[in-house]
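K.L.:
The structure that follows is given in the form of structure tokens.
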Amino acid sequence: MTEFPYSSALIVGAGPGLSASLARQLAECGVKVALAARNTDKLSKLAGETGALTFAADAAQPASVAALFDDVAAAIGDPEVVIYNASGRLRGPLAELDPAAVEQAIAISAYGGFLVSQQAARRMLAHGRGAILFTGATASIKGYAQSAAFAMGKFALRGLAQSAARELGPKGIHVAHFIIDGGIRSQTRREDPAKPDATLDPGAIARTYINVLLQHRSAWSQEIEMRPWTEPF
């Protein structure tokens, strides 16, 4: 494999699924990994496996995000890769949704992405390099019934990624958005033996993120869409 071009990474909204696969694969590449979540208790096992450091933070609060980057910088240096995995899921009939709950869901999915990418950009611009990766979903491009809040948040995150890529790319910062179009395999979403590989393997998704980070700047991807091979479109 080509020598990995980054030495430190911060994953915001870390958990046991895709984030865990990303942490493991980044650690295998020799990257120092920081994991951020509101509840860090769930990250102890993963931190032990990967040598990652854990940080408590609320991605939707400006002061919390600023403090997170300061703490990470003090521990491992300014992160050269920042991955935004946090999202606010809220389902229900449009006419019955609690406006406060919708506001919070959008704050996590979109506003948090802005806060995190802003802090990342400030540090990366000083170095003239870095990578900011956003995790999207089917809802990034398609709004389903009873999923208005999630769709609004993910549509906004995609717009942020597009704008940031055009602004920061010429300054040496690779910005990419990943559309995860399908269910991710997990302990609670197990594979159906009758339909092998009908859900996305989190390890395979993480490998795509790693491959994007390895791209030469003359051919950077701004958006990658992933779905299972059984997807009928």
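Ordering of the structure tokens sets the chain letters (A, B, ...), residue numbers begin anew at 1 in every chain, and ligands are numbered from 1 in the order given.
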Taking only segment 138-187 of chain A into account, list the residues labelled alpha helix (DSSP H) by DSSP (computed from the backbone), as an MDAnalysis selection string.
P.N.:
chainID A and resid 148:168
K.L.:
Would you write out those residues with N, CA, C and O atoms, as a tab-separated table (two decimals), in the first residue's frame?
P.N.:
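So result39.tsv came out as:
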chain	number	residue	atom	x	y	z
A	148	ALA	N	-38.62	13.52	8.00
A	148	ALA	CA	-38.32	14.89	7.59
A	148	ALA	C	-37.09	15.46	8.29
A	148	ALA	O	-36.23	16.07	7.65
A	149	ALA	N	-36.99	15.27	9.59
A	149	ALA	CA	-35.87	15.85	10.35
A	149	ALA	C	-34.54	15.27	9.90
A	149	ALA	O	-33.56	16.00	9.75
A	150	PHE	N	-34.50	13.96	9.71
A	150	PHE	CA	-33.26	13.31	9.29
A	150	PHE	C	-32.88	13.77	7.88
A	150	PHE	O	-31.71	14.07	7.61
A	151	ALA	N	-33.86	13.86	6.99
A	151	ALA	CA	-33.58	14.31	5.63
A	151	ALA	C	-33.09	15.75	5.61
A	151	ALA	O	-32.12	16.08	4.91
A	152	MET	N	-33.71	16.62	6.38
A	152	MET	CA	-33.27	18.02	6.42
A	152	MET	C	-31.83	18.11	6.90
A	152	MET	O	-31.02	18.85	6.34
A	153	GLY	N	-31.49	17.36	7.94
A	153	GLY	CA	-30.14	17.39	8.47
A	153	GLY	C	-29.11	16.87	7.49
A	153	GLY	O	-28.05	17.47	7.29
A	154	LYS	N	-29.43	15.75	6.85
A	154	LYS	CA	-28.47	15.13	5.93
A	154	LYS	C	-28.36	15.90	4.61
A	154	LYS	O	-27.28	15.97	4.01
A	155	PHE	N	-29.46	16.49	4.13
A	155	PHE	CA	-29.38	17.35	2.95
A	155	PHE	C	-28.46	18.53	3.25
A	155	PHE	O	-27.63	18.92	2.42
A	156	ALA	N	-28.61	19.12	4.43
A	156	ALA	CA	-27.79	20.27	4.80
A	156	ALA	C	-26.32	19.88	4.92
A	156	ALA	O	-25.44	20.63	4.49
A	157	LEU	N	-26.05	18.71	5.48
A	157	LEU	CA	-24.67	18.25	5.62
A	157	LEU	C	-24.02	18.07	4.25
A	157	LEU	O	-22.85	18.41	4.05
A	158	ARG	N	-24.79	17.56	3.31
A	158	ARG	CA	-24.26	17.39	1.95
A	158	ARG	C	-23.93	18.75	1.33
A	158	ARG	O	-22.89	18.91	0.67
A	159	GLY	N	-24.79	19.73	1.53
A	159	GLY	CA	-24.52	21.07	1.01
A	159	GLY	C	-23.27	21.66	1.64
A	159	GLY	O	-22.46	22.30	0.96
A	160	LEU	N	-23.12	21.45	2.94
A	160	LEU	CA	-21.92	21.91	3.63
A	160	LEU	C	-20.68	21.28	3.01
A	160	LEU	O	-19.68	21.96	2.75
A	161	ALA	N	-20.73	19.97	2.77
A	161	ALA	CA	-19.58	19.26	2.21
A	161	ALA	C	-19.22	19.80	0.83
A	161	ALA	O	-18.04	20.00	0.51
A	162	GLN	N	-20.23	20.05	0.00
A	162	GLN	CA	-19.96	20.57	-1.34
A	162	GLN	C	-19.33	21.95	-1.28
A	162	GLN	O	-18.37	22.25	-2.01
A	163	SER	N	-19.86	22.80	-0.44
A	163	SER	CA	-19.33	24.16	-0.31
A	163	SER	C	-17.90	24.12	0.24
A	163	SER	O	-17.01	24.81	-0.27
A	164	ALA	N	-17.69	23.32	1.28
A	164	ALA	CA	-16.37	23.24	1.90
A	164	ALA	C	-15.34	22.68	0.93
A	164	ALA	O	-14.19	23.13	0.90
A	165	ALA	N	-15.74	21.70	0.13
A	165	ALA	CA	-14.80	21.11	-0.83
A	165	ALA	C	-14.33	22.14	-1.84
A	165	ALA	O	-13.14	22.20	-2.17
A	166	ARG	N	-15.24	22.97	-2.31
A	166	ARG	CA	-14.86	23.98	-3.31
A	166	ARG	C	-14.03	25.11	-2.70
A	166	ARG	O	-13.18	25.70	-3.36
A	167	GLU	N	-14.27	25.40	-1.45
A	167	GLU	CA	-13.51	26.45	-0.78
A	167	GLU	C	-12.15	25.98	-0.30
A	167	GLU	O	-11.14	26.68	-0.47
A	168	LEU	N	-12.11	24.79	0.29
A	168	LEU	CA	-10.89	24.33	0.95
A	168	LEU	C	-9.99	23.47	0.08
A	168	LEU	O	-8.78	23.39	0.33
K.L.:
I'd like the contact shell of Leu97 of chain A - 10 Å cut-off, only C-alpha atoms, skipping same-chain residues fewer than 5 positions apart - returned as a PyMOL selection string.
P.N.:
chain A and resi 90-92+102+146+148-149
K.L.:
Per residue of segment 4-75 of chain A within 9 Å of segment 206-229 of chain A, what are the shortest atom pair and its distance in Å to one decimal, counting only C-alpha atoms, with rows by chain and residue number, as a Markdown table?
P.N.:
| residue | atom | partner | partner_atom | distance |
| --- | --- | --- | --- | --- |
| A:Phe4 | CA | A:Leu214 | CA | 6.5 |
| A:Pro5 | CA | A:Leu214 | CA | 6.9 |
| A:Tyr6 | CA | A:Leu213 | CA | 8.3 |
| A:Leu18 | CA | A:Ala206 | CA | 6.7 |
| A:Ser19 | CA | A:Ala206 | CA | 8.1 |
| A:Ser21 | CA | A:Ala206 | CA | 5.9 |
| A:Leu22 | CA | A:Ala206 | CA | 5.1 |
| A:Ala23 | CA | A:Ala206 | CA | 8.8 |
| A:Gln25 | CA | A:Ala206 | CA | 7.3 |
| A:Leu26 | CA | A:Ile210 | CA | 7.5 |
K.L.:
In Å to one decimal, how far is atom CA of Ala137 of chain A from atom CA of Pro193 of chain A?
P.N.:
24.5 Å
K.L.:
Within 6 Å of segment 131-136 of chain A, counting only C-alpha atoms, which residues qualify if same-chain residues fewer than 6 places away don't, as a list in words?
P.N.:
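In the requested form, the answer reads Val81, Val82, Ile83, Tyr84, Asn85, Ile173, His174, Val175, Ala176, His177, Phe178, Ile179 and Ile180 of chain A.
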K.L.:
Save the residues we just selected, N, CA and C atoms, as a PDB file, in the first residue's frame?
P.N.:
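The resulting selection_9.pdb:
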ATOM      1  N   VAL A  81      -6.827  14.395   9.961  1.00  0.00           N
ATOM      2  CA  VAL A  81      -8.067  13.868   9.384  1.00  0.00           C
ATOM      3  C   VAL A  81      -9.171  14.065  10.409  1.00  0.00           C
ATOM      4  N   VAL A  82     -10.282  14.633   9.975  1.00  0.00           N
ATOM      5  CA  VAL A  82     -11.443  14.780  10.844  1.00  0.00           C
ATOM      6  C   VAL A  82     -12.638  14.145  10.144  1.00  0.00           C
ATOM      7  N   ILE A  83     -13.284  13.214  10.847  1.00  0.00           N
ATOM      8  CA  ILE A  83     -14.427  12.489  10.281  1.00  0.00           C
ATOM      9  C   ILE A  83     -15.661  12.806  11.113  1.00  0.00           C
ATOM     10  N   TYR A  84     -16.709  13.300  10.444  1.00  0.00           N
ATOM     11  CA  TYR A  84     -17.946  13.636  11.155  1.00  0.00           C
ATOM     12  C   TYR A  84     -18.978  12.545  10.930  1.00  0.00           C
ATOM     13  N   ASN A  85     -19.232  11.758  11.990  1.00  0.00           N
ATOM     14  CA  ASN A  85     -20.172  10.638  11.907  1.00  0.00           C
ATOM     15  C   ASN A  85     -21.462  10.872  12.685  1.00  0.00           C
ATOM     16  N   ILE A 173      -6.840  21.110   1.378  1.00  0.00           N
ATOM     17  CA  ILE A 173      -7.645  20.304   2.301  1.00  0.00           C
ATOM     18  C   ILE A 173      -8.665  19.489   1.507  1.00  0.00           C
ATOM     19  N   HIS A 174      -8.570  18.174   1.649  1.00  0.00           N
ATOM     20  CA  HIS A 174      -9.449  17.260   0.920  1.00  0.00           C
ATOM     21  C   HIS A 174     -10.754  17.101   1.697  1.00  0.00           C
ATOM     22  N   VAL A 175     -11.865  17.507   1.105  1.00  0.00           N
ATOM     23  CA  VAL A 175     -13.181  17.364   1.721  1.00  0.00           C
ATOM     24  C   VAL A 175     -13.990  16.370   0.897  1.00  0.00           C
ATOM     25  N   ALA A 176     -14.555  15.373   1.569  1.00  0.00           N
ATOM     26  CA  ALA A 176     -15.340  14.361   0.854  1.00  0.00           C
ATOM     27  C   ALA A 176     -16.570  13.982   1.667  1.00  0.00           C
ATOM     28  N   HIS A 177     -17.633  13.664   0.945  1.00  0.00           N
ATOM     29  CA  HIS A 177     -18.915  13.279   1.537  1.00  0.00           C
ATOM     30  C   HIS A 177     -19.233  11.860   1.087  1.00  0.00           C
ATOM     31  N   PHE A 178     -19.635  11.011   2.042  1.00  0.00           N
ATOM     32  CA  PHE A 178     -19.894   9.599   1.754  1.00  0.00           C
ATOM     33  C   PHE A 178     -21.374   9.299   1.967  1.00  0.00           C
ATOM     34  N   ILE A 179     -22.059   8.889   0.908  1.00  0.00           N
ATOM     35  CA  ILE A 179     -23.467   8.522   0.998  1.00  0.00           C
ATOM     36  C   ILE A 179     -23.544   7.019   1.266  1.00  0.00           C
ATOM     37  N   ILE A 180     -24.001   6.654   2.459  1.00  0.00           N
ATOM     38  CA  ILE A 180     -24.170   5.249   2.822  1.00  0.00           C
ATOM     39  C   ILE A 180     -25.622   4.884   2.508  1.00  0.00           C
TER      40      ILE A 180
END
K.L.:
Of the candidates A:Asp58, A:Asp78, A:Asp70, A:Glu3, which one gets nearest to Gln104 of chain A if we count only C-alpha atoms?
P.N.:
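Looking at the shortest contact to Gln104 of chain A, the residue is A:Asp58.
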K.L.:
Any idea what the distance is between atom CA of Ala36 of chain A and atom CA of Leu10 of chain A?
P.N.:
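So the two atoms, atom CA of Ala36 of chain A and atom CA of Leu10 of chain A, lie 7.4 Å apart.
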K.L.:
Nearest to Ser7 of chain A: which of A:Gly130, A:Arg122, A:Ala63, A:Ala57 is it, counting only C-alpha atoms?
P.N.:
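Distance minimum relative to Ser7 of chain A lands on A:Gly130.
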